[in-house]
Amino acid sequence: MRLPIIHHPDYAVSFPGGRHFPGDKFGQLAQYLRRTGCIDEKNLFVPEEACMDWLSLVHCPRYIEAVAGQTLDRAAERRIGFPVTPWAAYRTRLSAGGAVLAGRLALQYGAACNTAGGGHHAHRDFGAGYCIFNDVAVALAVLRHEGLITRALVVDLDVHQGDGTAAIFRNDADIFTFSIHCSDNFPGRKSPGDLDIALPKGTGDADYLKALAIHLPGILDHHGPGLVFFNAGIDPHEKDDLGKLKLTEAGIRIRDQYVVDACMARGIPIASVIGGGYSSDKPRLARLHASVIEAAFSRFSSV
């Protein structure tokens with residue numbers, strides 16, 4: 001069995017009014033993974049949409065209904081960053097379904113990667129920052145509801161703090177939320193997680209990777225998660241349009257390999273989502289987003 005990779009052609013979509021949201025990067029990522037041999041017909045899994053029952057484990061019914069019926073007011077849509085059309089609603093359910101599938105496959109095989117996801121700004125009753133539903137939170141809730149996991153860890157290395165995920169699991173002792181992000185970036189008001197490392201603007205590879213190495217092993221060893229969800233946002237990259245950190249491409253790759261290796265060496269299943277990445281240079285975005293998948297692919301192949 002090769003590394004399971006989850007992808008759907010409908011991940012690749014641009015939303016009207018989403019000025020910075022590079023919807024076409026998802027298709028380019030899949031093309032890149034095919035060119036490099038990471039995806040073939042033997043390890044490609046196609047997700048289904050998250051059903052309403054799954055979404056309701058995390059999000060309040062009124063909000064789910066407003067998204068489904070496209071009845072959010074303009075203020076709510078502005079907070080999300082684009083109009084919530086029927087297509088946008090379908091696509092976010094699909095991304096959540098991909099996260100659920102990634103979690104299932106990671107538990108079965110040890111690792112799995114979704115080529116979308118990372119909607120960590122979505123709260124129980126509202127969306128924000130290009131996030132409608134919180135796919136990782138939905139996946140964890142579904143897997144717990146089905147008795148497949150008890151304890152889990154969210155490793156969120158997007159440049160923006162995962163305020164929605166932190167808020168959803170704030171009083172949940174079994175879900176540990178760990179975030180390394182830029183202190184001077186969106187969201188303006190952070191939601192405290194279990195461990196938040198807020199780095200100053202301009203932080204580069206050395207200090208970033210040091211912070212990761214100081215904290216991640218202890219969390220893995222002391223929390224004892226049955227599953228890790230890794231939000232591998234690439235917006236800490238030095239050339240990202242919305243990031244304010246200064247990681248190089250090499251730094252991103254070292255980061256991703258470190259997280260994958262730390263989990264798999266301990267026998268902890270890891271599921272990844274790609275998180276944020278914003279640039280007009282789509283080939284670079286695809287290459288950087290592939291980093292976590294290539295890290296898992298190489299580790300998975302060597303086991």
# chains A, B, ... in the order shown; residues from 1 in each chain; ligands from 1

call {"tool": "select_by_dssp", "arguments": {"residues": "stretch 171-270 of chain A", "states": "helix (DSSP H, G or I)", "output": "ChimeraX atom specification"}}
result
/A:205-223,249-265

call {"tool": "write_last_selection", "arguments": {"atoms": "N, CA and C atoms", "output": "compact mmCIF listing (two decimals), in the first residue's frame"}}
result
# COMPACT_ATOMS: atom_id res chain seq x y z
N ASP A 205 13.92 30.61 9.40
CA ASP A 205 13.98 29.16 9.58
C ASP A 205 14.48 28.74 10.97
N ALA A 206 15.61 29.29 11.38
CA ALA A 206 16.29 28.79 12.58
C ALA A 206 15.41 28.90 13.82
N ASP A 207 14.85 30.09 14.07
CA ASP A 207 14.03 30.28 15.27
C ASP A 207 12.71 29.53 15.19
N TYR A 208 12.15 29.46 13.99
CA TYR A 208 10.89 28.73 13.80
C TYR A 208 11.08 27.25 14.10
N LEU A 209 12.09 26.66 13.48
CA LEU A 209 12.32 25.24 13.65
C LEU A 209 12.75 24.90 15.07
N LYS A 210 13.44 25.83 15.73
CA LYS A 210 13.80 25.63 17.13
C LYS A 210 12.55 25.55 18.00
N ALA A 211 11.60 26.47 17.76
CA ALA A 211 10.36 26.47 18.54
C ALA A 211 9.60 25.16 18.34
N LEU A 212 9.57 24.69 17.11
CA LEU A 212 8.88 23.42 16.82
C LEU A 212 9.55 22.26 17.55
N ALA A 213 10.87 22.21 17.49
CA ALA A 213 11.61 21.10 18.11
C ALA A 213 11.52 21.14 19.63
N ILE A 214 11.40 22.31 20.21
CA ILE A 214 11.28 22.43 21.67
C ILE A 214 9.95 21.87 22.15
N HIS A 215 8.88 22.13 21.42
CA HIS A 215 7.54 21.86 21.94
C HIS A 215 6.88 20.58 21.43
N LEU A 216 7.05 20.24 20.15
CA LEU A 216 6.27 19.13 19.60
C LEU A 216 6.55 17.79 20.27
N PRO A 217 7.79 17.40 20.48
CA PRO A 217 8.01 16.07 21.08
C PRO A 217 7.33 15.91 22.44
N GLY A 218 7.40 16.92 23.27
CA GLY A 218 6.77 16.83 24.59
C GLY A 218 5.27 16.70 24.51
N ILE A 219 4.65 17.41 23.57
CA ILE A 219 3.19 17.31 23.41
C ILE A 219 2.81 15.91 22.97
N LEU A 220 3.53 15.37 22.00
CA LEU A 220 3.24 14.02 21.52
C LEU A 220 3.39 13.00 22.64
N ASP A 221 4.43 13.14 23.45
CA ASP A 221 4.70 12.16 24.49
C ASP A 221 3.77 12.28 25.68
N HIS A 222 3.39 13.50 26.03
CA HIS A 222 2.59 13.69 27.25
C HIS A 222 1.08 13.65 26.99
N HIS A 223 0.65 14.13 25.83
CA HIS A 223 -0.79 14.11 25.55
C HIS A 223 -1.26 12.73 25.11
N GLU A 249 11.97 27.88 1.34
CA GLU A 249 11.40 26.62 0.88
C GLU A 249 12.06 25.45 1.61
N ALA A 250 13.37 25.53 1.81
CA ALA A 250 14.06 24.47 2.56
C ALA A 250 13.53 24.37 3.98
N GLY A 251 13.25 25.52 4.60
CA GLY A 251 12.71 25.52 5.95
C GLY A 251 11.34 24.87 6.03
N ILE A 252 10.49 25.15 5.05
CA ILE A 252 9.17 24.51 4.99
C ILE A 252 9.32 23.00 4.89
N ARG A 253 10.22 22.55 4.05
CA ARG A 253 10.40 21.11 3.85
C ARG A 253 10.96 20.43 5.10
N ILE A 254 11.89 21.09 5.77
CA ILE A 254 12.43 20.53 7.02
C ILE A 254 11.32 20.46 8.07
N ARG A 255 10.51 21.51 8.17
CA ARG A 255 9.38 21.54 9.11
C ARG A 255 8.44 20.38 8.88
N ASP A 256 8.02 20.19 7.63
CA ASP A 256 7.04 19.15 7.33
C ASP A 256 7.60 17.75 7.60
N GLN A 257 8.85 17.54 7.20
CA GLN A 257 9.46 16.23 7.45
C GLN A 257 9.60 15.98 8.94
N TYR A 258 9.92 17.01 9.70
CA TYR A 258 10.07 16.86 11.15
C TYR A 258 8.76 16.43 11.80
N VAL A 259 7.66 17.07 11.42
CA VAL A 259 6.36 16.74 12.01
C VAL A 259 5.95 15.31 11.64
N VAL A 260 6.09 14.98 10.36
CA VAL A 260 5.72 13.63 9.91
C VAL A 260 6.57 12.58 10.62
N ASP A 261 7.88 12.80 10.68
CA ASP A 261 8.77 11.83 11.30
C ASP A 261 8.49 11.69 12.79
N ALA A 262 8.24 12.82 13.46
CA ALA A 262 7.99 12.78 14.91
C ALA A 262 6.76 11.93 15.23
N CYS A 263 5.74 12.03 14.40
CA CYS A 263 4.52 11.24 14.63
C CYS A 263 4.72 9.77 14.27
N MET A 264 5.24 9.52 13.08
CA MET A 264 5.33 8.15 12.60
C MET A 264 6.36 7.35 13.38
N ALA A 265 7.42 8.00 13.86
CA ALA A 265 8.40 7.29 14.68
C ALA A 265 7.80 6.80 15.98

call {"tool": "residues_around", "arguments": {"residues": "A:Ala30", "least_positions_apart": "5", "cutoff": "9 Å", "atoms": "only C-alpha atoms", "output": "compact mmCIF listing (two decimals) with N, CA and C atoms, in the first residue's frame"}}
result
# COMPACT_ATOMS: atom_id res chain seq x y z
N HIS A 7 -8.03 13.40 -3.05
CA HIS A 7 -8.19 14.54 -3.96
C HIS A 7 -9.52 14.42 -4.69
N PRO A 9 -11.52 16.50 -8.07
CA PRO A 9 -11.37 17.56 -9.08
C PRO A 9 -12.07 18.85 -8.70
N LYS A 25 -5.05 26.58 -7.27
CA LYS A 25 -3.82 25.92 -6.80
C LYS A 25 -4.05 24.44 -6.51
N ARG A 35 2.95 14.33 -11.65
CA ARG A 35 4.24 14.40 -12.36
C ARG A 35 5.36 13.79 -11.55
N ILE A 39 1.07 10.49 -6.80
CA ILE A 39 -0.31 10.04 -7.01
C ILE A 39 -0.37 9.12 -8.22
N THR A 115 -5.52 16.89 -0.21
CA THR A 115 -4.96 17.96 -1.04
C THR A 115 -5.77 19.26 -0.93
N ALA A 286 2.04 25.20 -5.67
CA ALA A 286 1.84 23.75 -5.80
C ALA A 286 3.04 22.99 -5.26
N ALA A 290 3.01 20.65 -1.87
CA ALA A 290 3.36 19.23 -2.01
C ALA A 290 4.36 18.79 -0.94

call {"tool": "residues_around", "arguments": {"residues": "A:Arg2", "least_positions_apart": "3", "cutoff": "8 Å", "atoms": "only C-alpha atoms", "output": "list in words"}}
result
Lys42, Asn43, Phe297, Phe300 and Ser301 of chain A

call {"tool": "closest_atom_pairs", "arguments": {"of": "stretch 48-78 of chain A", "to": "stretch 86-100 of chain A", "cutoff": "8 Å", "atoms": "only C-alpha atoms", "output": "tab-separated table"}}
result
residue	atom	partner	partner_atom	distance
A:Glu48	CA	A:Gly97	CA	5.5
A:Glu49	CA	A:Leu94	CA	4.1
A:Ala50	CA	A:Gly97	CA	4.3
A:Cys51	CA	A:Arg93	CA	7.5
A:Val67	CA	A:Ala89	CA	6.3
A:Ala68	CA	A:Ala89	CA	6.3
A:Gly69	CA	A:Pro86	CA	7.9
A:Gln70	CA	A:Pro86	CA	6.8

call {"tool": "residues_around", "arguments": {"residues": "A:Ile234", "least_positions_apart": "6", "cutoff": "9 Å", "atoms": "only C-alpha atoms", "output": "number ranges by chain"}}
result
A: 157-159, 240, 243, 252, 274-278, 285, 288-289, 291

call {"tool": "select_by_dssp", "arguments": {"residues": "stretch 126-297 of chain A", "states": "strand (DSSP E or B)", "output": "NGL selection string"}}
result
:A and (128 or 131 or 152-156 or 175-182 or 195-199 or 204 or 228-231 or 237 or 246-247 or 270-273)

call {"tool": "write_last_selection", "arguments": {"atoms": "N, CA and C atoms", "output": "mmCIF file, in the first residue's frame"}}
result
data_model
loop_
_atom_site.group_PDB
_atom_site.id
_atom_site.type_symbol
_atom_site.label_atom_id
_atom_site.label_comp_id
_atom_site.auth_asym_id
_atom_site.auth_seq_id
_atom_site.Cartn_x
_atom_site.Cartn_y
_atom_site.Cartn_z
ATOM 1 N N ALA A 128 -14.964 32.631 8.665
ATOM 2 C CA ALA A 128 -14.079 33.788 8.560
ATOM 3 C C ALA A 128 -12.828 33.379 7.792
ATOM 4 N N CYS A 131 -12.782 30.571 5.315
ATOM 5 C CA CYS A 131 -13.169 29.286 5.901
ATOM 6 C C CYS A 131 -14.662 29.307 6.218
ATOM 7 N N ALA A 152 -6.770 13.327 20.541
ATOM 8 C CA ALA A 152 -6.149 13.743 19.289
ATOM 9 C C ALA A 152 -5.386 15.047 19.503
ATOM 10 N N LEU A 153 -4.507 15.324 18.565
ATOM 11 C CA LEU A 153 -3.691 16.547 18.578
ATOM 12 C C LEU A 153 -3.837 17.244 17.239
ATOM 13 N N VAL A 154 -4.054 18.555 17.281
ATOM 14 C CA VAL A 154 -4.030 19.380 16.080
ATOM 15 C C VAL A 154 -2.728 20.169 16.091
ATOM 16 N N VAL A 155 -1.880 19.922 15.112
ATOM 17 C CA VAL A 155 -0.648 20.686 14.925
ATOM 18 C C VAL A 155 -0.923 21.674 13.800
ATOM 19 N N ASP A 156 -1.054 22.940 14.147
ATOM 20 C CA ASP A 156 -1.446 23.971 13.182
ATOM 21 C C ASP A 156 -0.253 24.894 12.944
ATOM 22 N N ILE A 175 -8.811 16.893 23.100
ATOM 23 C CA ILE A 175 -8.275 17.455 21.856
ATOM 24 C C ILE A 175 -7.318 18.582 22.219
ATOM 25 N N PHE A 176 -6.041 18.388 21.924
ATOM 26 C CA PHE A 176 -5.003 19.380 22.220
ATOM 27 C C PHE A 176 -4.731 20.177 20.950
ATOM 28 N N THR A 177 -4.808 21.513 21.040
ATOM 29 C CA THR A 177 -4.545 22.365 19.883
ATOM 30 C C THR A 177 -3.221 23.094 20.079
ATOM 31 N N PHE A 178 -2.312 22.886 19.152
ATOM 32 C CA PHE A 178 -0.960 23.458 19.191
ATOM 33 C C PHE A 178 -0.757 24.284 17.928
ATOM 34 N N SER A 179 -0.403 25.548 18.103
ATOM 35 C CA SER A 179 -0.261 26.454 16.963
ATOM 36 C C SER A 179 1.052 27.226 17.052
ATOM 37 N N ILE A 180 1.766 27.283 15.928
ATOM 38 C CA ILE A 180 2.888 28.217 15.770
ATOM 39 C C ILE A 180 2.494 29.167 14.652
ATOM 40 N N HIS A 181 2.433 30.443 14.945
ATOM 41 C CA HIS A 181 1.914 31.406 13.980
ATOM 42 C C HIS A 181 2.603 32.758 14.168
ATOM 43 N N CYS A 182 2.304 33.681 13.289
ATOM 44 C CA CYS A 182 2.836 35.043 13.389
ATOM 45 C C CYS A 182 1.941 35.854 14.322
ATOM 46 N N LEU A 195 -1.701 25.343 23.379
ATOM 47 C CA LEU A 195 -0.349 25.911 23.338
ATOM 48 C C LEU A 195 -0.216 26.739 22.079
ATOM 49 N N ASP A 196 -0.033 28.043 22.255
ATOM 50 C CA ASP A 196 0.133 28.971 21.144
ATOM 51 C C ASP A 196 1.526 29.580 21.211
ATOM 52 N N ILE A 197 2.295 29.425 20.138
ATOM 53 C CA ILE A 197 3.610 30.037 20.024
ATOM 54 C C ILE A 197 3.490 31.144 18.980
ATOM 55 N N ALA A 198 3.456 32.379 19.457
ATOM 56 C CA ALA A 198 3.288 33.528 18.570
ATOM 57 C C ALA A 198 4.663 34.123 18.270
ATOM 58 N N LEU A 199 5.100 33.979 17.032
ATOM 59 C CA LEU A 199 6.427 34.440 16.635
ATOM 60 C C LEU A 199 6.354 35.845 16.052
ATOM 61 N N GLY A 204 12.636 33.721 10.869
ATOM 62 C CA GLY A 204 13.118 32.845 9.812
ATOM 63 C C GLY A 204 13.232 31.393 10.232
ATOM 64 N N VAL A 228 -3.002 12.507 14.943
ATOM 65 C CA VAL A 228 -2.569 13.894 14.768
ATOM 66 C C VAL A 228 -3.138 14.414 13.458
ATOM 67 N N PHE A 229 -3.749 15.592 13.517
ATOM 68 C CA PHE A 229 -4.127 16.312 12.307
ATOM 69 C C PHE A 229 -3.148 17.470 12.140
ATOM 70 N N PHE A 230 -2.468 17.498 11.014
ATOM 71 C CA PHE A 230 -1.432 18.482 10.729
ATOM 72 C C PHE A 230 -1.931 19.454 9.678
ATOM 73 N N ASN A 231 -2.125 20.717 10.090
ATOM 74 C CA ASN A 231 -2.445 21.792 9.152
ATOM 75 C C ASN A 231 -1.116 22.382 8.679
ATOM 76 N N HIS A 237 5.942 31.065 4.403
ATOM 77 C CA HIS A 237 7.016 31.239 3.424
ATOM 78 C C HIS A 237 7.331 32.715 3.205
ATOM 79 N N LYS A 246 9.407 34.475 7.538
ATOM 80 C CA LYS A 246 10.439 34.429 6.507
ATOM 81 C C LYS A 246 11.031 33.035 6.332
ATOM 82 N N LEU A 247 10.186 32.019 6.354
ATOM 83 C CA LEU A 247 10.704 30.684 6.109
ATOM 84 C C LEU A 247 11.067 30.522 4.636
ATOM 85 N N ILE A 270 -0.975 10.047 11.383
ATOM 86 C CA ILE A 270 -1.008 11.471 11.058
ATOM 87 C C ILE A 270 -1.790 11.692 9.765
ATOM 88 N N ALA A 271 -2.728 12.632 9.827
ATOM 89 C CA ALA A 271 -3.488 13.066 8.653
ATOM 90 C C ALA A 271 -3.151 14.525 8.405
ATOM 91 N N SER A 272 -2.914 14.889 7.153
ATOM 92 C CA SER A 272 -2.551 16.273 6.857
ATOM 93 C C SER A 272 -3.573 16.935 5.945
ATOM 94 N N VAL A 273 -3.692 18.257 6.151
ATOM 95 C CA VAL A 273 -4.428 19.141 5.242
ATOM 96 C C VAL A 273 -3.464 20.237 4.839
#

call {"tool": "atom_distance", "arguments": {"atom1": "atom CA of A:Gln31", "atom2": "atom CA of A:Ala112"}}
result
18.1 Å

call {"tool": "residues_around", "arguments": {"residues": "A:Leu105", "least_positions_apart": "2", "cutoff": "12 Å", "atoms": "only C-alpha atoms", "output": "VMD selection string"}}
result
chain A and resid 1 to 6 43 to 47 98 to 103 107 to 114 139 143 148 227 269 to 272
